[in-house]
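Q: First the structure, then my questions, so here it is.
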Amino acid sequence: MLREIRQVLRLVLLLGKQRQRRCERAGGLLVLLWTEARASGQSLNCTVAAAGPWCTGIKMKALQPDLKENMFPCTWPCPEPDPEELCAFTDLYGSLRLLLSFQMKDAQLFNPEWTDHMESFLHTFSLANAGIKIHLKFIFNQKTLQQEFRVKIKSKVAQAGDPSLSLDVTCNTQPPECVKKGCWCQGGHPVPGGRLPLSIPPQAMDQGLYGELSVQPVTLLRPCVLQYPNLATQLTHIQVLVYSPSNVPVTGPSAFLQNLPAQLGCPELSQRGLHCSSFKDLVLSGGTVYKVEQEMLEEESSPSTIQQSLLLFLFLQHSDPFTSHISDVMATEALIEQHLEDILSNNRQAVTTALQTELKNTLKAQNRRKKDQEKLRSAVDVILSSSISIVSCSSNMDFRQACLNSMKVHDTHELSASLCESLRRVTSWKFTPRGRCYSAQMEEHPESDEPTRTEI
Amino acid sequence: MASQAAEQFSEVDKLRVQLLNNVEDMTDCQPDDEPVSSREILIRIENIILGIVTSVSKGEAPVLALPNRSSWANVSFDSAIGLQMSSGPSVSIIRSDCPSSVTKFAQILKILSVIYRLVQRNSYATKRDIYYNNTQLFGSQTAVDSIVDDISCMLKVPRRSLHVLATSKGLIAGDLRYMEEDGTRIDCHSSSAAVAVSSNIAGIRNIVSSAKFVMIVEKDATFQRLLDDDFCTKLCPCIIITGKGVPDVNSRLMVRKLWDTLHIPIFALVDADPHGIEIMCIYKYGSVAMSFEAHSLTVPSVMWLGLLPSDLQRLWVPEDALIPLTKRDESKLSSLLKRPYLSSQPDWQKEMELMQQTRVKAEIQSLAAIAPDFLTSIYLPNKLRYGGWV
């Protein structure tokens, strides 16, 4: 079922890409799943509906033959969904441009783990197609489970020769208590890396994969602390997500990516290493997740160290002037996904170097912050000891009292402790507002970014 | 002999009379330079600390405002004083929450705490002592030297009042006796050896001298040559002093003290090159970096005795003793000609313009090409006898 849904998404996105190079990838997507009791058992019905600019110009009748024969060979026609379910959707996004329904005979696949996979997939899809609002609805044994994947903060990333990417850069990390209202960036700032050409391995060429293949890395570090230049940061996780040329997530574990940490050998990591998370976590979180080991000293990081995670998008790009028919393009994508391991292995050195570069850039900034923190810390010690020394040896009662009153303490011992804590806080949490950051404006619209999930 | 001596110094004596007349005219204009009391210095330091504590209590990162001592925009020229810091100079803000400036902030606080204790206990330390107290924090002696001057400027207090001493590099010789603050008697009469300029000029008292003039010598090499040639005996009574290049504050203070006490002509003997002229200007008009202390450091009455660019032609100094000006020399010369104080010195301007035209420079040692003892036997005696200064 997931495969079918992926195919639908791929179709809509590729059609959009073909029609208008700069088509706006915005609109709504409805995935409606419900079970139906039959004499032979339960069947699982699925309706996928799309509306909005991202599917403008789609002509369903023209697509029918391709859809049924080439894309959904293992599906059967299924009953139409309840029109009321569709009404709510069209009220939001306008008339339907795409409506596909299909049925899986064996509904035993429909279990809680499978629904988690579906949610994870749609969430990963939403990360790189942030303009599309996704509504997922399960109706199972008279229970209804709904989810909306709505993106709070989007950011456009330009791509040479392709429409701009619309990424979900929302960050859910709650700011520390000491941060004032409107002074915390609630998004991230994607950084595109250099496009890396990939050579197509012989076995893929034998299968018919030709043309020019490349990968565009984009990194997203969250939470953003650019407005706090003196804060130390600590990278704890790296998540790698791969997307096909149509921008549909490539699912399934990748041996290449799982073994990547051993290849990276990044000097900036020094004593640290990267662990690949367990398979279960991979599936649920989407993509490949690495945990960054911390140095011994870093384990006792100060309270003002912010933990960050890095999201590394790998957008595959393909062009072949001899492939233009939509079914051929979709077949090519299928080939790319099928041979992805071979492609990555064939370009091992280049891919590893490219990923190393992205990682180095992230860690460079982190190391610079660490050095600045150390500089501030040692200087603050001197400032503190010098100031307290003068207060302690002064015989000017007015001066001493003014200092104590200012810090609301009773003696120089308390003054030392209070001044130390305050000075460290004031210097560590230096705030320099940045126009690029998503701070004040978000305070006015405190929508939750979490997928809205309701159970009825 | 007596008449010869009188003739030797007739022009110098005339100059002295002229200078004395000018000094009387200027007496009413001189500001009162009352020393700042120790109590007041402590209060000024305490105010800085209180400002820091208050900022922190408000959740703000403390900052220090240092008058900018390197900007020409912050100085104005007064012919009676020299280069002095303007009122309300532009300041540099040193932040405690910026990694690029926090170390300097800490260095300033550290030195303030050292000064506080020195003043409180009425003890003294040298800049070198302060540096070696915490070499890791300061990094270099230059950093300490600069910060001490910054603090002096920020508190509007002379460095000597901060109880921080600098080891003097200057030397002095000639008809001069005085007593140091600790009671040590100094006699600069020795013909073969010079006396180091005192580290505590303010403490000098009981100055006794019958010198007709003071001669500032740019370089130590020239100074030693004068000593070797027994110049102070030949042109007795006189005082010679050198700062060994760009003068330190103590050497400048000493020249100023001699002027204030003796009111005798002060001559400068420098190389005929832009660097030498600039050094002479520092003695006469002061420097941008120390403009906040101009009143106690400058001697606007300094006269340029030699080596003048016009001397090179007049004396037919051999060509191989002349050195072509470098691009750097030309740039410095142009910069000197634009200085505000040159407009009141048309004769100096002419000499410098001559150097620009001829595009050559010469060291005082070039006079040895005429004759080995030309400097002390002919050049200087004639210059002094016939008023060859500008």
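We name chains A, B, ... following the order of the structure tokens; residues begin at 1 in each chain, and ligands are numbered from 1 as shown.
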Considering only C-alpha atoms, return as a PyMOL selection string whatever protein or nucleic-acid residues lie within 9 Å of stretch 342-345 of chain A, sequence-local ones (same chain, fewer than 6 positions apart) excluded.

A: chain A and resi 198-201+203-204+256-257+336+351

Q: Given only C-alpha atoms, how would the per-residue table for chain A near chain B read, listing every residue at most 6 Å away with its closest atom pair and distance in Å to one decimal, sorted by chain and number, as a tab-separated table?

A:
residue	atom	partner	partner_atom	distance
A:Asp372	CA	B:Pro99	CA	5.6
A:Ala379	CA	B:Ala106	CA	5.4
A:Val382	CA	B:Ala106	CA	5.7
A:Ile383	CA	B:Ala106	CA	5.1
A:Ser386	CA	B:Lys110	CA	5.4
A:Ile390	CA	B:Ser113	CA	5.9
A:Ser406	CA	B:Thr54	CA	5.9
A:Met407	CA	B:Ser57	CA	5.5
A:Val426	CA	B:Ala61	CA	5.7
A:Thr427	CA	B:Asp97	CA	4.5

Q: Using DSSP secondary structure from the backbone, list all alpha helix (DSSP H) positions within stretch 237-374 of chain B, as a PyMOL selection string.

A: chain B and resi 249-262+274-285+294-297+309-314+327-337+346-358+374

Q: Between A:Thr332, A:Gln147, A:Asn141, A:Thr219, which one has atoms that come closest to A:Gly188, using only C-alpha atoms?

A: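 Among A:Thr332, A:Gln147, A:Asn141, A:Thr219, it is A:Thr219 that comes nearest to A:Gly188.
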
Q: In Å, rounded to a single decimal, give me how far atom CA of A:Thr56 is from atom CA of A:Ser101.

A: 19.5 Å

Q: Mind checking which residues fall within 6 Å of stretch 240-253 of chain B, counting only C-alpha atoms, ignoring those fewer than 4 positions away in the same chain, and posting them as a PDB file with N, CA and C atoms, in the first residue's frame?

A:
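Below is the file that was written, out24.pdb:
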ATOM      1  N   SER B 168      63.443  53.327  32.533  1.00  0.00           N
ATOM      2  CA  SER B 168      63.817  54.316  31.523  1.00  0.00           C
ATOM      3  C   SER B 168      64.869  53.739  30.598  1.00  0.00           C
ATOM      4  N   GLY B 170      66.435  56.077  28.521  1.00  0.00           N
ATOM      5  CA  GLY B 170      67.236  57.242  28.139  1.00  0.00           C
ATOM      6  C   GLY B 170      68.509  57.392  28.972  1.00  0.00           C
ATOM      7  N   LEU B 171      69.433  58.210  28.438  1.00  0.00           N
ATOM      8  CA  LEU B 171      70.687  58.522  29.139  1.00  0.00           C
ATOM      9  C   LEU B 171      70.864  60.039  29.177  1.00  0.00           C
ATOM     10  N   ILE B 172      71.574  60.525  30.189  1.00  0.00           N
ATOM     11  CA  ILE B 172      71.786  61.966  30.327  1.00  0.00           C
ATOM     12  C   ILE B 172      73.210  62.212  30.821  1.00  0.00           C
ATOM     13  N   ALA B 173      73.782  63.309  30.382  1.00  0.00           N
ATOM     14  CA  ALA B 173      75.144  63.646  30.819  1.00  0.00           C
ATOM     15  C   ALA B 173      75.313  65.163  30.765  1.00  0.00           C
ATOM     16  N   VAL B 214      70.347  72.570  26.563  1.00  0.00           N
ATOM     17  CA  VAL B 214      70.171  71.117  26.597  1.00  0.00           C
ATOM     18  C   VAL B 214      70.134  70.648  25.151  1.00  0.00           C
ATOM     19  N   MET B 215      70.853  69.577  24.871  1.00  0.00           N
ATOM     20  CA  MET B 215      70.788  69.056  23.508  1.00  0.00           C
ATOM     21  C   MET B 215      70.205  67.642  23.535  1.00  0.00           C
ATOM     22  N   ILE B 216      69.081  67.495  22.853  1.00  0.00           N
ATOM     23  CA  ILE B 216      68.459  66.165  22.715  1.00  0.00           C
ATOM     24  C   ILE B 216      69.141  65.483  21.540  1.00  0.00           C
ATOM     25  N   VAL B 217      69.644  64.296  21.766  1.00  0.00           N
ATOM     26  CA  VAL B 217      70.324  63.541  20.721  1.00  0.00           C
ATOM     27  C   VAL B 217      69.456  62.346  20.356  1.00  0.00           C
ATOM     28  N   GLU B 218      69.170  62.219  19.072  1.00  0.00           N
ATOM     29  CA  GLU B 218      68.254  61.143  18.656  1.00  0.00           C
ATOM     30  C   GLU B 218      68.793  59.773  19.017  1.00  0.00           C
ATOM     31  N   LYS B 219      70.018  59.494  18.555  1.00  0.00           N
ATOM     32  CA  LYS B 219      70.483  58.106  18.645  1.00  0.00           C
ATOM     33  C   LYS B 219      71.515  57.900  19.733  1.00  0.00           C
ATOM     34  N   ASP B 220      71.532  56.743  20.273  1.00  0.00           N
ATOM     35  CA  ASP B 220      72.525  56.366  21.289  1.00  0.00           C
ATOM     36  C   ASP B 220      73.925  56.398  20.687  1.00  0.00           C
ATOM     37  N   LYS B 257      61.107  68.558  32.381  1.00  0.00           N
ATOM     38  CA  LYS B 257      61.478  69.011  33.723  1.00  0.00           C
ATOM     39  C   LYS B 257      62.657  69.975  33.648  1.00  0.00           C
ATOM     40  N   ILE B 279      60.907  62.040  15.386  1.00  0.00           N
ATOM     41  CA  ILE B 279      61.328  61.906  16.793  1.00  0.00           C
ATOM     42  C   ILE B 279      61.463  63.281  17.431  1.00  0.00           C
ATOM     43  N   LEU B 297      54.386  66.650  28.945  1.00  0.00           N
ATOM     44  CA  LEU B 297      55.363  65.920  28.149  1.00  0.00           C
ATOM     45  C   LEU B 297      55.989  66.734  27.021  1.00  0.00           C
TER      46      LEU B 297
END

Q: If we count only C-alpha atoms, what is near stretch 8-16 of chain B at a cut-off of 7 Å, once residues fewer than 6 positions away on the same chain are taken out, given as a ChimeraX atom specification?

A: /B:264-265,384-387

Q: Save out the residues we just selected, all heavy atoms, as an mmCIF file, in the first residue's frame.

A:
data_model
loop_
_atom_site.group_PDB
_atom_site.id
_atom_site.type_symbol
_atom_site.label_atom_id
_atom_site.label_comp_id
_atom_site.auth_asym_id
_atom_site.auth_seq_id
_atom_site.Cartn_x
_atom_site.Cartn_y
_atom_site.Cartn_z
ATOM 1 N N ILE B 264 66.256 77.015 29.726
ATOM 2 C CA ILE B 264 67.362 77.245 28.807
ATOM 3 C C ILE B 264 67.002 76.638 27.458
ATOM 4 O O ILE B 264 66.123 75.760 27.402
ATOM 5 C CB ILE B 264 68.682 76.629 29.340
ATOM 6 C CG1 ILE B 264 68.468 75.152 29.717
ATOM 7 C CG2 ILE B 264 69.201 77.436 30.523
ATOM 8 C CD1 ILE B 264 69.741 74.460 30.179
ATOM 9 N N PRO B 265 67.627 77.094 26.381
ATOM 10 C CA PRO B 265 67.288 76.553 25.053
ATOM 11 C C PRO B 265 67.462 75.037 25.004
ATOM 12 O O PRO B 265 68.401 74.475 25.569
ATOM 13 C CB PRO B 265 68.279 77.244 24.122
ATOM 14 C CG PRO B 265 68.632 78.513 24.804
ATOM 15 C CD PRO B 265 68.607 78.197 26.269
ATOM 16 N N LEU B 384 76.234 76.395 17.190
ATOM 17 C CA LEU B 384 75.837 77.072 18.428
ATOM 18 C C LEU B 384 76.354 78.516 18.449
ATOM 19 O O LEU B 384 75.678 79.424 18.928
ATOM 20 C CB LEU B 384 76.374 76.289 19.635
ATOM 21 C CG LEU B 384 75.698 74.925 19.845
ATOM 22 C CD1 LEU B 384 76.516 74.035 20.766
ATOM 23 C CD2 LEU B 384 74.287 75.103 20.409
ATOM 24 N N ARG B 385 77.528 78.704 17.894
ATOM 25 C CA ARG B 385 78.105 80.047 17.917
ATOM 26 C C ARG B 385 77.326 80.989 17.025
ATOM 27 O O ARG B 385 77.058 82.136 17.396
ATOM 28 C CB ARG B 385 79.561 79.981 17.466
ATOM 29 C CG ARG B 385 80.273 81.338 17.427
ATOM 30 C CD ARG B 385 81.624 81.206 16.732
ATOM 31 N NE ARG B 385 82.606 80.590 17.631
ATOM 32 C CZ ARG B 385 83.454 81.299 18.398
ATOM 33 N NH1 ARG B 385 83.424 82.636 18.391
ATOM 34 N NH2 ARG B 385 84.325 80.682 19.161
ATOM 35 N N TYR B 386 76.936 80.501 15.838
ATOM 36 C CA TYR B 386 76.346 81.400 14.845
ATOM 37 C C TYR B 386 74.816 81.266 14.733
ATOM 38 O O TYR B 386 74.214 81.801 13.810
ATOM 39 C CB TYR B 386 77.004 81.164 13.476
ATOM 40 C CG TYR B 386 78.482 81.453 13.505
ATOM 41 C CD1 TYR B 386 79.423 80.427 13.366
ATOM 42 C CD2 TYR B 386 78.963 82.753 13.710
ATOM 43 C CE1 TYR B 386 80.777 80.691 13.416
ATOM 44 C CE2 TYR B 386 80.318 83.013 13.768
ATOM 45 C CZ TYR B 386 81.224 81.976 13.629
ATOM 46 O OH TYR B 386 82.564 82.240 13.695
ATOM 47 N N GLY B 387 74.223 80.552 15.666
ATOM 48 C CA GLY B 387 72.756 80.465 15.679
ATOM 49 C C GLY B 387 72.206 79.672 14.516
ATOM 50 O O GLY B 387 71.205 80.077 13.902
#

Q: May I have the residues within 9 Å of B:Ile186 as a PyMOL selection string, using only C-alpha atoms and disregarding those fewer than 2 positions away in the same chain?

A: chain B and resi 176-180+184+188+195

Q: What's the separation between atom CA of A:Lys137 and atom CA of A:Glu84, in Å to one decimal place?

A: 13.1 Å

Q: So that I can see what lies close to B:Ile130, please list as a list in words the residues with an atom at most 10 Å from it, counting only C-alpha atoms and leaving out residues fewer than 2 positions away in the same chain.

A: Lys110, Ile111, Val114, Ile115, Ala125, Thr126, Lys127, Arg128, Tyr132, Asn133, Asn134, Thr135, Phe138, Gln141, Val144, Asp145, Val148 and Val164 of chain B
